[in-house]
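J.: Structure file run-v8.txt (compact mmCIF, C-alpha atoms) is given on the next line.
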```txt
# COMPACT_ATOMS: atom_id res chain seq x y z
CA MET A 7 113.88 121.33 154.92
CA THR A 8 114.71 124.82 156.12
CA THR A 9 115.49 125.95 159.61
CA ARG A 10 113.54 128.80 161.15
CA ARG A 11 114.73 131.30 163.63
CA ARG A 12 112.31 132.39 166.30
CA LEU A 13 111.30 135.99 166.59
CA LEU A 14 113.06 137.98 169.23
CA VAL A 15 110.54 139.45 171.66
CA GLY A 16 111.58 142.91 172.77
CA ALA A 17 111.03 144.43 176.20
CA ALA A 18 108.22 146.60 174.86
CA GLY A 19 106.27 143.50 173.84
CA TRP A 20 106.71 143.74 170.09
CA ALA A 21 108.62 141.27 168.02
CA ALA A 22 111.67 142.43 166.09
CA THR A 23 111.29 140.14 163.14
CA SER A 24 114.17 137.97 162.23
CA LEU A 25 112.20 135.24 160.54
CA ALA A 26 114.64 134.18 158.02
CA THR A 27 115.47 130.96 156.42
CA PRO A 28 119.07 130.97 155.24
CA GLY A 29 119.34 131.63 151.53
CA LEU A 30 115.62 132.21 151.11
CA GLY A 31 114.94 133.90 147.81
CA ALA A 32 112.11 134.09 145.39
CA ALA A 33 111.01 131.53 142.89
CA ARG A 34 112.61 131.88 139.48
CA ASP A 35 109.30 132.77 137.85
CA GLY A 36 109.18 136.14 139.63
CA GLN A 37 106.50 135.05 142.07
CA PRO A 38 106.96 135.61 145.82
CA ARG A 39 107.79 132.80 148.21
CA THR A 40 105.88 132.91 151.48
CA TYR A 41 106.94 131.55 154.84
CA ARG A 42 105.84 131.62 158.48
CA ALA A 43 107.49 131.31 161.88
CA PRO A 44 106.14 130.80 165.38
CA VAL A 45 106.22 133.70 167.83
CA PRO A 46 106.96 132.63 171.42
CA GLY A 47 103.92 133.17 173.63
CA SER A 48 101.56 133.98 170.74
CA ALA A 49 98.89 131.92 169.02
CA VAL A 50 99.54 133.92 165.83
CA ASP A 51 102.54 133.03 163.70
CA ALA A 52 104.55 135.72 161.95
CA ALA A 53 104.48 135.73 158.17
CA GLY A 54 106.84 136.76 155.42
CA ALA A 55 107.36 136.78 151.69
CA ALA A 56 110.48 137.09 149.54
CA ILE A 57 110.85 138.14 145.93
CA THR A 58 113.64 139.01 143.50
CA ILE A 59 113.39 142.48 141.97
CA THR A 60 115.15 143.55 138.78
CA ALA A 61 116.18 146.94 140.11
CA PRO A 62 119.17 148.21 142.11
CA MET A 63 118.84 148.31 145.89
CA PRO A 64 118.71 152.16 146.16
CA ARG A 65 115.64 152.26 143.88
CA VAL A 66 113.87 149.57 145.95
CA LEU A 67 114.78 151.40 149.17
CA ALA A 68 113.25 154.62 147.81
CA VAL A 69 109.95 152.80 147.21
CA LEU A 70 110.02 151.26 150.71
CA GLU A 71 110.66 154.63 152.37
CA GLY A 72 107.66 156.18 150.58
CA TYR A 73 105.43 155.52 153.61
CA ARG A 74 102.51 157.65 152.44
CA ARG A 75 102.14 155.25 149.49
CA TYR A 76 101.63 152.23 151.75
CA ALA A 77 97.89 152.35 151.04
CA GLU A 78 98.95 151.53 147.48
CA VAL A 79 101.50 148.88 148.52
CA PHE A 80 99.29 147.00 151.00
CA LYS A 81 95.91 146.08 149.55
CA ARG A 82 94.09 146.12 152.91
CA ILE A 83 95.34 149.53 154.06
CA ASP A 84 93.03 152.37 153.11
CA THR A 85 94.87 155.19 154.90
CA SER A 86 98.60 155.82 155.22
CA ARG A 87 99.77 159.16 156.54
CA VAL A 88 103.24 160.30 157.64
CA LEU A 89 102.82 162.10 160.97
CA ALA A 90 106.46 162.99 161.68
CA ARG A 91 109.98 162.36 160.47
CA GLY A 92 113.05 162.46 162.67
CA GLU A 93 116.49 160.99 163.24
CA ASP A 94 114.93 157.96 164.96
CA GLY A 95 112.65 157.25 162.01
CA SER A 96 109.21 158.10 160.67
CA ARG A 97 105.93 157.89 162.52
CA VAL A 98 103.19 156.66 160.22
CA TYR A 99 99.43 156.31 160.78
CA LEU A 100 98.01 153.18 159.12
CA ARG A 101 94.35 152.16 159.00
CA ALA A 102 92.74 149.03 157.52
CA PRO A 103 89.13 147.83 157.54
CA ILE A 104 88.73 144.15 158.41
CA MET A 105 85.89 141.63 158.42
CA ARG A 106 84.21 143.36 155.47
CA GLY A 107 84.33 146.75 157.15
CA MET A 108 82.75 145.59 160.40
CA TYR A 109 85.92 146.49 162.31
CA GLY A 110 88.82 148.71 161.57
CA ILE A 111 92.34 148.36 162.83
CA TRP A 112 94.66 151.32 163.11
CA LEU A 113 98.06 152.01 164.49
CA VAL A 114 100.80 154.57 164.63
CA ALA A 115 104.02 152.78 163.78
CA ARG A 116 107.60 153.94 163.96
CA PHE A 117 109.64 152.92 160.93
CA ALA A 118 113.30 153.04 161.93
CA PRO A 119 115.85 154.36 159.45
CA ALA A 120 117.40 151.73 157.20
CA ARG A 121 120.26 149.98 158.97
CA ARG A 122 122.91 147.57 157.80
CA TRP A 123 121.70 143.97 157.69
CA ARG A 124 124.05 141.06 157.20
CA ARG A 125 127.02 141.88 155.00
CA HIS A 126 125.66 144.14 152.24
CA GLY A 127 121.95 144.34 152.99
CA LEU A 128 119.65 146.82 154.69
CA VAL A 129 116.72 146.40 157.07
CA ILE A 130 113.87 148.75 157.99
CA ARG A 131 112.06 147.69 161.18
CA ALA A 132 108.63 148.85 162.26
CA GLU A 133 107.10 148.82 165.73
CA ARG A 134 103.73 149.78 167.18
CA LEU A 135 103.63 153.02 169.15
CA ARG A 136 99.86 153.09 169.73
CA GLY A 137 96.69 151.81 168.15
CA ASN A 138 93.95 149.25 168.59
CA VAL A 139 96.15 146.28 167.68
CA GLU A 140 97.66 144.51 170.66
CA HIS A 141 101.03 143.72 169.07
CA PHE A 142 102.64 144.61 165.77
CA ALA A 143 106.08 144.19 164.23
CA GLY A 144 107.27 144.34 160.69
CA SER A 145 110.39 144.59 158.64
CA TRP A 146 111.67 145.03 155.13
CA LYS A 147 114.97 143.29 154.38
CA LEU A 148 116.90 144.02 151.21
CA ALA A 149 119.99 142.29 149.87
CA PRO A 150 121.78 143.02 146.61
CA CYS A 151 121.93 140.21 144.09
CA GLY A 152 124.35 141.75 141.61
CA PRO A 153 124.34 145.42 140.53
CA LYS A 154 120.82 145.43 139.07
CA ARG A 155 118.89 142.94 141.21
CA THR A 156 117.65 142.96 144.79
CA VAL A 157 116.11 140.28 146.97
CA LEU A 158 113.36 141.76 149.14
CA ARG A 159 111.72 140.19 152.19
CA GLY A 160 108.62 141.65 153.80
CA GLU A 161 107.72 140.32 157.25
CA LEU A 162 104.68 140.99 159.48
CA TRP A 163 103.25 139.94 162.80
CA LEU A 164 100.22 141.35 164.56
CA GLU A 165 97.63 140.41 167.13
CA VAL A 166 94.22 142.06 167.21
CA PRO A 167 91.88 142.38 170.21
CA PHE A 168 88.88 141.29 168.13
CA PRO A 169 87.40 137.79 168.18
CA ILE A 170 89.21 136.55 165.09
CA PRO A 171 90.71 133.05 165.17
CA SER A 172 94.49 132.95 164.84
CA SER A 173 94.05 130.33 162.10
CA LEU A 174 92.66 133.13 159.90
CA ILE A 175 95.21 135.82 160.81
CA THR A 176 98.50 134.16 159.78
CA PRO A 177 97.32 133.06 156.29
CA GLU A 178 96.00 136.60 155.73
CA LEU A 179 99.37 138.03 156.81
CA MET A 180 101.11 135.68 154.37
CA ARG A 181 98.87 136.84 151.51
CA SER A 182 99.40 140.46 152.53
CA CYS A 183 103.20 140.03 152.53
CA ALA A 184 103.11 138.32 149.13
CA ARG A 185 100.98 141.11 147.63
CA ALA A 186 103.16 143.81 149.21
CA VAL A 187 106.51 142.50 147.92
CA THR A 188 104.92 142.00 144.48
CA LYS A 189 103.67 145.60 144.48
CA VAL A 190 107.10 146.90 145.58
CA LYS A 191 108.60 144.86 142.72
CA ARG A 192 106.25 146.51 140.20
CA LEU A 193 106.86 150.01 141.57
CA SER A 194 110.64 149.49 141.62
CA GLU A 195 110.86 148.01 138.14
CA CYS A 196 108.24 150.14 136.38
CA GLY A 197 108.10 153.35 138.42
```
The structure in this file should be written as structure tokens.
T.:
Amino acid sequence: MTTRRRLLVGAAGWAATSLATPGLGAARDGQPRTYRAPVPGSAVDAAGAAITITAPMPRVLAVLEGYRRYAEVFKRIDTSRVLARGEDGSRVYLRAPIMRGMYGIWLVARFAPARRWRRHGLVIRAERLRGNVEHFAGSWKLAPCGPKRTVLRGELWLEVPFPIPSSLITPELMRSCARAVTKVKRLSECG
């Protein structure tokens, strides 16, 4: 049984994800491992997925920092546009239709520059600046696993103002994280 750490809720109301289970990696068959963690004060759990990538960490980081390609990385996103880049990170517009196109969610997120995580890893955190989602937080966590392999974790949490049961949101976030880390694996390994 693994231990879960709770998400840290920031003053701005978004969660800085630190959902980790110690030593969590991907299954040996190259498939992602999904996980979830409760968010204090929220009915929606945060979700994450981890996968091992046969590529050095700088190559994986280059894929992750290609924000305009996020419509390709995340299956549900149909628009991804970089609005600004600066020392404090990149501001990115993301839009996704939900409920078979009945609604659309959008947000402008700030992706912070990659920072040191743990001993040799890196983390990129994302936070909501504005949009029609109530809360959003995400992160990419990379750790080297030898010179030519990287363990990648993608983590997401969001709450929407639409009448969607929380029991549907977290499983969808888990699927989205699993698809995203798998796509980053393909882009990193195959170009």
J.: Which residues of range 31-137 of chain A sit at most 7 Å from range 167-179 of chain A, using only C-alpha atoms? Give each one's shortest atom pair and distance in Å (one decimal place), in chain and ascending residue order, as JSON lines.
T.:
```
{"residue": "A:Ala49", "atom": "CA", "partner": "A:Ser172", "partner_atom": "CA", "distance": 6.2}
{"residue": "A:Val50", "atom": "CA", "partner": "A:Ser172", "partner_atom": "CA", "distance": 5.2}
{"residue": "A:Asp51", "atom": "CA", "partner": "A:Thr176", "partner_atom": "CA", "distance": 5.7}
{"residue": "A:Ala52", "atom": "CA", "partner": "A:Thr176", "partner_atom": "CA", "distance": 6.6}
{"residue": "A:Ala53", "atom": "CA", "partner": "A:Leu179", "partner_atom": "CA", "distance": 5.8}
```
J.: Taking into account only C-alpha atoms, which residue in the set A:Gly47, A:Pro150, A:Gly110, A:Pro38 is nearest to Trp123 in chain A?
T.: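 Counting only C-alpha atoms, the residue closest to Trp123 in chain A is A:Pro150.
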J.: Using only C-alpha atoms, which of A:Val66, A:Met108, A:Leu162, A:Leu148 sits nearest Arg181 in chain A?
T.: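 Once distances to Arg181 in chain A are computed over only C-alpha atoms, the minimum belongs to A:Leu162.
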J.: Using only C-alpha atoms, which residue out of A:Cys196, A:Ala184, A:Ala90, A:Val190 lies closest to Gly54 in chain A?
T.: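 Smallest distance to Gly54 in chain A is found for A:Ala184.
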J.: With all atoms listed in the file as the basis for distance, which of A:Ser86, A:Ser96, A:Asn138, A:Ser48 is at the shortest distance from Ile111 in chain A?
T.: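 Smallest separation from Ile111 in chain A among the options: A:Asn138.
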J.: Calculated over all atoms listed in the file, which of the candidates A:Val69, A:Ala118, A:Leu113, A:Cys151 has the smallest distance to Leu164 in chain A?
T.: A:Leu113
J.: CA of Glu140 in chain A to CA of Val166 in chain A: how many Å, to one decimal?
T.: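 These two atoms are separated by 5.5 Å.
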J.: Could you state the separation of CA of Arg136 in chain A and CA of Ala115 in chain A in Å, given to one decimal place?
T.: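 Separating CA of Arg136 in chain A from CA of Ala115 in chain A is a distance of 7.3 Å.
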